[in-house]
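First comes the structure, then the notes that go with it.
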Amino acid sequence: FIRFGKEENCDCSGLDEVAQVEQDVTENTAAEEVSLINFLIIGHDSFVEESEFFGAEKGYADTIMVVSVNQETERVVFTSFLRDTYVSIPGHKKGKLADSYALGGSELLVETLKENFSINIHGVLDCDYKDFEDIVDSLGGVALNLSAAEAGALNTTNYVSEQENRTLKKGWQELNGNQALGYVRIRSVQDYEGNSGDIARTSRQRTFMESLYLRCRETIDKGTMEKLLWGFVDGM
């Protein structure tokens, strides 16, 4: 898991860090009912994929992230769960965390997170590639700081599916929905901390979420933002 907050950025990639996250969750259980709301964000493709454990099922969950909002402090924390994490899946044999979504959609993924990590989910945003692009474009894009390697990967691969959008460069710039989708899918390029693979990919996803959050704060008043948020998510 990797947890990212407005004032905190910690890489929880080892057993000690995992234990600390579970301890944090346990300590927050009593207060959670009063002040802490957890939203599960699931990003998935629209295609049926072959699961290593279960065969061909539903679309594959590329992104599994919990957004925790503390209503008292107004602090927002993003926690990524690696999709290949080996877990117990309620009603099924053990498998990858993403397999729970393939087997039973968002409902089973929510159950799996609760059974393995004691996290209560209050709402779910389940979006595919088109949903993602529409959300970003509805806000006028997002500001992201690209490395030369990231810009190169986006301009030369199908991460950015529309060729007319392969015009990115190193440094800060506005990305539209199609470009931002490519950014959060990059696996082959190291992030700014030297991580690669799925660790780097989830790091970019949290960077994107911070930028999206800041864009929302700039363009939408608090009351409207809350209405939009609850309109996008399915309450549990």
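How things are named: the first chain in the structure tokens is A, the next is B, and so on; residues count from 1 in each chain; ligands count from 1 in the order shown.
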In stretch 7-222 of chain A, what's strand (DSSP E or B) per DSSP? Answer as JSON, numbers by chain?
{"A": [8, 9, 10, 11, 36, 37, 38, 39, 40, 41, 42, 43, 44, 45, 46, 47, 48, 49, 50, 51, 55, 56, 57, 58, 59, 60, 61, 62, 63, 64, 65, 66, 67, 68, 69, 70, 75, 76, 77, 78, 79, 80, 86, 87, 95, 96, 123, 124, 125, 126, 127, 142, 143, 144, 145, 146, 171, 172, 173, 174, 175]}
Spatial neighbours of A:Thr219, max dist 12 Å, only C-alpha atoms, sep filter under 6 positions, as an MDAnalysis selection string:
chainID A and resid 138:142 212:213 225
Residue nearest A:Ala61 - candidates A:Ala151, A:Leu82, A:Ala98, A:Leu36, atoms counted: only C-alpha atoms:
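Closest to A:Ala61, using only C-alpha atoms: A:Ala98.
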Best match for closeness to A:Glu174 among A:Arg215, A:Lys96, A:Arg201, A:Arg206, counting only C-alpha atoms
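Closest to A:Glu174 of all the choices is A:Arg215.
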Best match for closeness to A:Gly182 among A:Gly123, A:Gly194, A:Gly152, A:Gly104, counting only C-alpha atoms:
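Closest to A:Gly182 of all the choices is A:Gly152.
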